[in-house]
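Printed here is upload24.txt (compact mmCIF, C-alpha atoms):
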```
# COMPACT_ATOMS: atom_id res chain seq x y z
CA MET C 17 100.73 92.49 92.82
CA ASN C 18 97.26 93.89 92.49
CA SER C 19 95.16 94.80 89.49
CA SER C 20 95.10 98.57 90.03
CA GLY C 21 95.42 100.23 86.65
CA ALA C 22 95.72 96.88 84.87
CA GLY C 23 93.10 97.86 82.32
CA GLU C 24 94.94 101.05 81.42
CA THR C 25 98.28 99.56 80.41
CA GLY C 26 99.85 101.23 77.40
CA THR C 27 98.28 104.65 78.06
CA THR C 28 101.07 105.92 80.34
CA PRO C 29 104.85 105.35 80.46
CA ASN C 30 106.14 102.61 82.75
CA TRP C 31 109.31 102.60 84.84
CA GLN C 32 111.37 101.52 81.83
CA GLY C 33 110.19 104.60 79.93
CA GLN C 34 108.38 102.92 77.04
CA THR C 35 105.32 104.66 75.68
CA ALA C 36 104.54 102.49 72.63
CA ALA C 37 101.69 100.01 72.95
CA PRO C 38 102.93 96.66 74.26
CA THR C 39 101.75 93.19 73.43
CA ARG C 40 99.90 92.13 76.57
CA ILE C 41 99.56 88.46 77.55
CA VAL C 42 96.93 87.75 80.18
CA LEU C 43 97.93 84.40 81.68
CA LEU C 44 95.24 82.22 83.22
CA ARG C 45 96.02 78.98 85.02
CA HIS C 46 93.45 76.21 84.63
CA GLY C 47 90.95 75.32 87.34
CA GLN C 48 91.04 72.43 89.78
CA THR C 49 91.32 68.78 88.71
CA ALA C 50 91.30 65.59 90.77
CA LEU C 51 95.11 65.50 90.56
CA SER C 52 95.25 69.07 91.89
CA VAL C 53 93.20 68.01 94.91
CA GLU C 54 95.61 65.16 95.67
CA ARG C 55 98.69 67.30 94.88
CA ARG C 56 99.95 64.92 92.22
CA TYR C 57 102.28 65.77 89.37
CA SER C 58 100.01 66.61 86.47
CA GLY C 59 101.80 67.17 83.18
CA ARG C 60 100.76 65.57 79.92
CA GLY C 61 98.04 63.49 81.59
CA ASN C 62 94.59 64.73 80.73
CA PRO C 63 92.29 65.01 83.77
CA GLU C 64 89.07 66.97 83.44
CA LEU C 65 88.12 69.90 85.66
CA THR C 66 86.29 69.02 88.85
CA GLU C 67 82.99 70.72 89.63
CA LEU C 68 84.92 73.29 91.66
CA GLY C 69 87.36 73.69 88.79
CA GLN C 70 84.48 74.49 86.46
CA GLN C 71 83.24 77.10 88.93
CA GLN C 72 86.75 78.60 89.14
CA ALA C 73 86.98 78.77 85.36
CA ALA C 74 83.58 80.45 85.12
CA ALA C 75 84.56 83.01 87.76
CA ALA C 76 87.80 83.79 85.93
CA GLY C 77 85.88 84.08 82.69
CA ARG C 78 83.48 86.60 84.19
CA ARG C 79 86.38 88.64 85.57
CA ILE C 80 88.18 88.73 82.26
CA ALA C 81 85.00 89.47 80.27
CA SER C 82 84.20 92.38 82.60
CA GLY C 83 87.00 94.40 81.01
CA ALA C 84 88.88 94.76 84.29
CA LEU C 85 92.06 93.62 82.54
CA GLY C 86 91.43 95.46 79.30
CA THR C 87 89.95 94.34 76.00
CA ILE C 88 90.88 90.80 75.03
CA ASP C 89 91.54 90.37 71.31
CA ALA C 90 92.12 86.61 71.17
CA VAL C 91 92.13 83.46 73.32
CA VAL C 92 94.77 80.74 73.03
CA SER C 93 95.15 77.63 75.13
CA SER C 94 97.25 74.61 75.86
CA PRO C 95 95.51 71.69 74.11
CA LEU C 96 94.88 69.65 77.28
CA ALA C 97 91.33 69.15 78.54
CA ARG C 98 91.72 71.15 81.76
CA THR C 99 93.07 74.22 79.99
CA MET C 100 90.68 74.02 77.04
CA ALA C 101 87.68 73.87 79.40
CA THR C 102 89.03 76.87 81.34
CA ALA C 103 89.70 78.75 78.11
CA HIS C 104 86.21 78.10 76.77
CA ALA C 105 84.66 79.47 79.97
CA ALA C 106 86.40 82.79 79.29
CA ALA C 107 86.05 82.70 75.50
CA ASP C 108 82.32 82.06 75.69
CA ALA C 109 81.92 85.07 77.98
CA LEU C 110 84.02 87.14 75.57
CA GLY C 111 82.32 85.88 72.41
CA LEU C 112 85.65 84.70 70.98
CA PRO C 113 86.91 81.35 69.66
CA VAL C 114 89.67 79.35 71.35
CA GLN C 115 92.83 78.58 69.40
CA GLU C 116 94.88 75.58 70.53
CA PHE C 117 98.49 76.57 71.13
CA ASP C 118 100.75 73.57 71.69
CA GLY C 119 103.64 75.62 73.06
CA LEU C 120 101.64 76.38 76.22
CA ILE C 121 101.33 72.70 77.25
CA GLU C 122 102.52 71.68 80.72
CA THR C 123 105.89 70.10 81.52
CA ASP C 124 106.20 66.42 80.68
CA PHE C 125 106.79 64.81 84.08
CA GLY C 126 107.51 61.42 82.50
CA ASP C 127 107.45 58.54 84.98
CA TRP C 128 106.43 60.91 87.78
CA GLU C 129 103.10 61.70 86.14
CA GLY C 130 100.30 61.10 88.64
CA LEU C 131 102.67 60.64 91.61
CA THR C 132 102.68 62.77 94.72
CA PHE C 133 105.84 64.62 95.77
CA ARG C 134 106.54 61.95 98.38
CA GLU C 135 105.93 59.07 95.97
CA ALA C 136 108.33 60.55 93.41
CA ALA C 137 110.91 61.21 96.13
CA ASP C 138 110.63 57.62 97.38
CA ARG C 139 110.90 56.26 93.84
CA ASP C 140 113.90 58.31 92.68
CA GLY C 141 115.37 59.90 95.80
CA GLU C 142 118.63 61.47 94.61
CA LEU C 143 117.30 62.36 91.17
CA HIS C 144 114.21 63.99 92.66
CA ARG C 145 116.29 66.01 95.15
CA ASN C 146 118.59 67.25 92.41
CA TRP C 147 115.66 68.05 90.10
CA LEU C 148 114.28 70.44 92.71
CA SER C 149 117.26 72.77 92.27
CA ASP C 150 118.65 72.08 88.79
CA VAL C 151 116.63 73.12 85.72
CA ASP C 152 118.75 70.90 83.45
CA ILE C 153 117.65 67.69 85.16
CA ALA C 154 114.58 65.92 83.76
CA PRO C 155 112.29 63.37 85.39
CA PRO C 156 112.74 59.85 84.01
CA GLY C 157 111.28 59.90 80.51
CA GLY C 158 110.24 63.54 80.94
CA GLU C 159 111.21 67.12 80.19
CA SER C 160 113.60 69.38 82.11
CA PHE C 161 112.63 72.91 83.09
CA ALA C 162 115.42 74.14 80.77
CA GLN C 163 113.68 72.40 77.88
CA VAL C 164 110.38 73.95 78.97
CA ALA C 165 112.07 77.37 78.93
CA GLU C 166 113.21 76.88 75.34
CA ARG C 167 109.71 75.88 74.29
CA ILE C 168 108.09 78.78 76.14
CA ALA C 169 110.55 81.28 74.66
CA ALA C 170 109.47 80.17 71.20
CA ALA C 171 105.79 80.32 72.21
CA ARG C 172 106.22 83.82 73.62
CA ALA C 173 107.94 85.00 70.44
CA ASP C 174 105.09 83.62 68.35
CA LEU C 175 102.45 85.28 70.53
CA VAL C 176 104.23 88.64 70.47
CA ALA C 177 104.59 88.44 66.69
CA ASP C 178 101.02 87.27 66.06
CA TYR C 179 99.35 89.74 68.44
CA ALA C 180 101.70 92.72 68.28
CA GLY C 181 100.24 95.69 70.14
CA ARG C 182 97.15 93.72 71.18
CA THR C 183 96.01 91.67 74.19
CA VAL C 184 95.79 87.89 74.13
CA LEU C 185 94.43 85.61 76.84
CA ALA C 186 96.72 82.59 77.18
CA VAL C 187 95.38 79.69 79.26
CA SER C 188 98.11 77.40 80.49
CA HIS C 189 99.66 75.55 83.43
CA VAL C 190 101.76 76.41 86.43
CA THR C 191 105.23 75.78 84.97
CA PRO C 192 104.72 77.52 81.60
CA ILE C 193 103.17 80.53 83.38
CA LYS C 194 106.04 80.74 85.88
CA THR C 195 108.47 80.43 82.99
CA LEU C 196 106.82 83.32 81.15
CA LEU C 197 106.98 85.44 84.31
CA ARG C 198 110.63 84.54 84.73
CA ASP C 199 111.26 85.49 81.11
CA ALA C 200 109.50 88.85 81.47
CA LEU C 201 111.38 89.64 84.69
CA SER C 202 114.76 88.41 83.34
CA VAL C 203 115.47 86.58 86.60
CA GLY C 204 117.06 83.26 87.45
CA PRO C 205 115.50 79.82 87.80
CA GLU C 206 114.91 80.32 91.53
CA LEU C 207 111.57 81.88 90.63
CA LEU C 208 110.31 78.49 89.43
CA PHE C 209 110.82 76.99 92.88
CA ARG C 210 109.78 79.96 95.05
CA LEU C 211 106.77 81.52 93.33
CA HIS C 212 103.34 80.13 94.20
CA LEU C 213 100.54 80.28 91.63
CA ASP C 214 97.00 79.33 92.63
CA LEU C 215 94.57 77.43 90.47
CA ALA C 216 92.59 79.74 88.15
CA SER C 217 94.92 82.63 89.02
CA ILE C 218 95.62 85.49 86.62
CA CYS C 219 98.94 87.09 85.72
CA VAL C 220 99.66 89.84 83.20
CA VAL C 221 102.91 90.37 81.30
CA GLU C 222 103.69 92.93 78.63
CA TYR C 223 106.30 92.94 75.88
CA PHE C 224 107.27 96.22 74.20
CA PRO C 225 108.39 96.78 70.59
CA ASP C 226 111.90 97.74 71.76
CA GLY C 227 112.32 94.44 73.58
CA GLY C 228 111.51 95.57 77.12
CA SER C 229 109.04 93.67 79.27
CA VAL C 230 107.16 94.12 82.54
CA VAL C 231 105.00 92.02 84.84
CA ARG C 232 101.82 93.94 85.68
CA LEU C 233 100.01 91.33 87.77
CA ALA C 234 100.83 88.02 89.44
CA ASN C 235 98.71 85.33 91.10
CA ASP C 236 95.54 87.44 91.17
CA THR C 237 92.61 85.44 92.58
CA ALA C 238 90.20 88.26 93.44
CA HIS C 239 87.55 86.58 91.29
CA LEU C 240 87.65 83.47 93.50
CA GLN C 241 86.87 85.26 96.78
```
Conversion result in structure tokens:
Amino acid sequence: MNSSGAGETGTTPNWQGQTAAPTRIVLLRHGQTALSVERRYSGRGNPELTELGQQQAAAAGRRIASGALGTIDAVVSSPLARTMATAHAAADALGLPVQEFDGLIETDFGDWEGLTFREAADRDGELHRNWLSDVDIAPPGGESFAQVAERIAAARADLVADYAGRTVLAVSHVTPIKTLLRDALSVGPELLFRLHLDLASICVVEYFPDGGSVVRLANDTAHLQ
């Protein structure tokens, strides 16, 4: 999806027919960390942004502050270091504070934290294989994607209630963002396994007063080119 018309959302009817102003959530994934570089499971661990990650966050911040995605009314973030640093890059450009929002934290990967895909597969072969296709299965000592979905549903409800009719920038991680997109699209769990989201990418979802929702933008990285 591209960003054409993204800054004008709410001024014209969409395909579902709503004309009332929606609550818009601009979703920003954090920038690169050392674990991102090595493609390791990175959940509740707390790596800092790399130098490139800081540059990605700054670029995203400039894009968002430019008004290309509309006026941002508030900035919320997962409390982890990589998301808070990314959020502050945007918030500083916007002249807004950052509010920690625990519901946006990444999946708890338990004993797989810091492992590569291959290392986790070698450690827990059958469990890892089943986890890749079953949202009810959790990593050892961790959190299932079904549990993440419950947490994100509550977080989304809070955001929609707190920022009704306004636009909030929510800085988070790959699984919570995919889960919010899945929620907005009302599709099955396959989206979690088939949708790719780049580091420092931007997505936009909207929730309407009557309960309808749309995805306006997904995996936008124009600011990183």
Close residues, C:Gly47 itself excluded, 6 Å, only C-alpha atoms, min 6 positions apart in chain, as a PyMOL selection string: chain C and resi 69+72-73+215-216
Residues within 10 Å of C:Thr66, all atoms listed in the file, excluding chain neighbours under 2 positions, as a list in words: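 What passes the distance filter is Gly47, Gln48, Thr49, Ala50, Leu51, Ser52, Val53, Pro63, Glu64, Leu68, Gly69, Gln70, Gln71, Gln72 and Arg98 of chain C.
Counting all atoms listed in the file, the residue from C:Arg182, C:Arg134, C:His104, C:Arg210 that sits nearest to C:Leu44 is C:His104.
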Nearest candidate to C:Ala136 (options C:Ala238, C:Leu43, C:Leu148, C:Ala173; using all atoms listed in the file): C:Leu148
Residues near C:Met100, cut-off 8 Å, all atoms listed in the file, skip fewer than 6 positions along chain, as a ChimeraX atom specification: /C:93-94,114,116,187
Surrounding residues of C:Val220 excluding itself and chain neighbours under 3 positions, 10 Å, only C-alpha atoms, as a ChimeraX atom specification: /C:19,22,40-44,85,183,185-186,193,196-197,230-236
Selected residues written out with C-alpha atoms, as a PDB file, in the coordinates of the input:
```pdb
ATOM      1  CA  SER C  19      95.160  94.800  89.490  1.00  0.00           C
ATOM      2  CA  ALA C  22      95.720  96.880  84.870  1.00  0.00           C
ATOM      3  CA  ARG C  40      99.900  92.130  76.570  1.00  0.00           C
ATOM      4  CA  ILE C  41      99.560  88.460  77.550  1.00  0.00           C
ATOM      5  CA  VAL C  42      96.930  87.750  80.180  1.00  0.00           C
ATOM      6  CA  LEU C  43      97.930  84.400  81.680  1.00  0.00           C
ATOM      7  CA  LEU C  44      95.240  82.220  83.220  1.00  0.00           C
ATOM      8  CA  LEU C  85      92.060  93.620  82.540  1.00  0.00           C
ATOM      9  CA  THR C 183      96.010  91.670  74.190  1.00  0.00           C
ATOM     10  CA  LEU C 185      94.430  85.610  76.840  1.00  0.00           C
ATOM     11  CA  ALA C 186      96.720  82.590  77.180  1.00  0.00           C
ATOM     12  CA  ILE C 193     103.170  80.530  83.380  1.00  0.00           C
ATOM     13  CA  LEU C 196     106.820  83.320  81.150  1.00  0.00           C
ATOM     14  CA  LEU C 197     106.980  85.440  84.310  1.00  0.00           C
ATOM     15  CA  VAL C 230     107.160  94.120  82.540  1.00  0.00           C
ATOM     16  CA  VAL C 231     105.000  92.020  84.840  1.00  0.00           C
ATOM     17  CA  ARG C 232     101.820  93.940  85.680  1.00  0.00           C
ATOM     18  CA  LEU C 233     100.010  91.330  87.770  1.00  0.00           C
ATOM     19  CA  ALA C 234     100.830  88.020  89.440  1.00  0.00           C
ATOM     20  CA  ASN C 235      98.710  85.330  91.100  1.00  0.00           C
ATOM     21  CA  ASP C 236      95.540  87.440  91.170  1.00  0.00           C
TER      22      ASP C 236
END
```
Two-atom distance - atom CA of C:Val221, atom CA of C:Pro95 (Å): 21.3 Å
C:Ala106 surroundings by all atoms listed in the file, 8 Å radius, close-in-sequence under 6 positions cut, as a list in words: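 Counting all atoms listed in the file, the residues come to Ala73, Ala74, Ala76, Gly77, Arg78, Ile80 and Ala81 of chain C.
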Of the listed residues C:Ala177, C:Ile168, C:Val91, C:Leu65, that which approaches C:Lys194 most closely, counting only C-alpha atoms: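 Of the candidates, the smallest distance to C:Lys194 is held by C:Ile168.
Taking atom CA of C:Asp178 and atom CA of C:His46 as the two end points, the separation is 22.9 Å.
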Point-to-point distance in Å for atom CA of C:Ser188 and atom CA of C:Asp226: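 Between atom CA of C:Asp226 and atom CA of C:Ser188 the gap is 26.1 Å.
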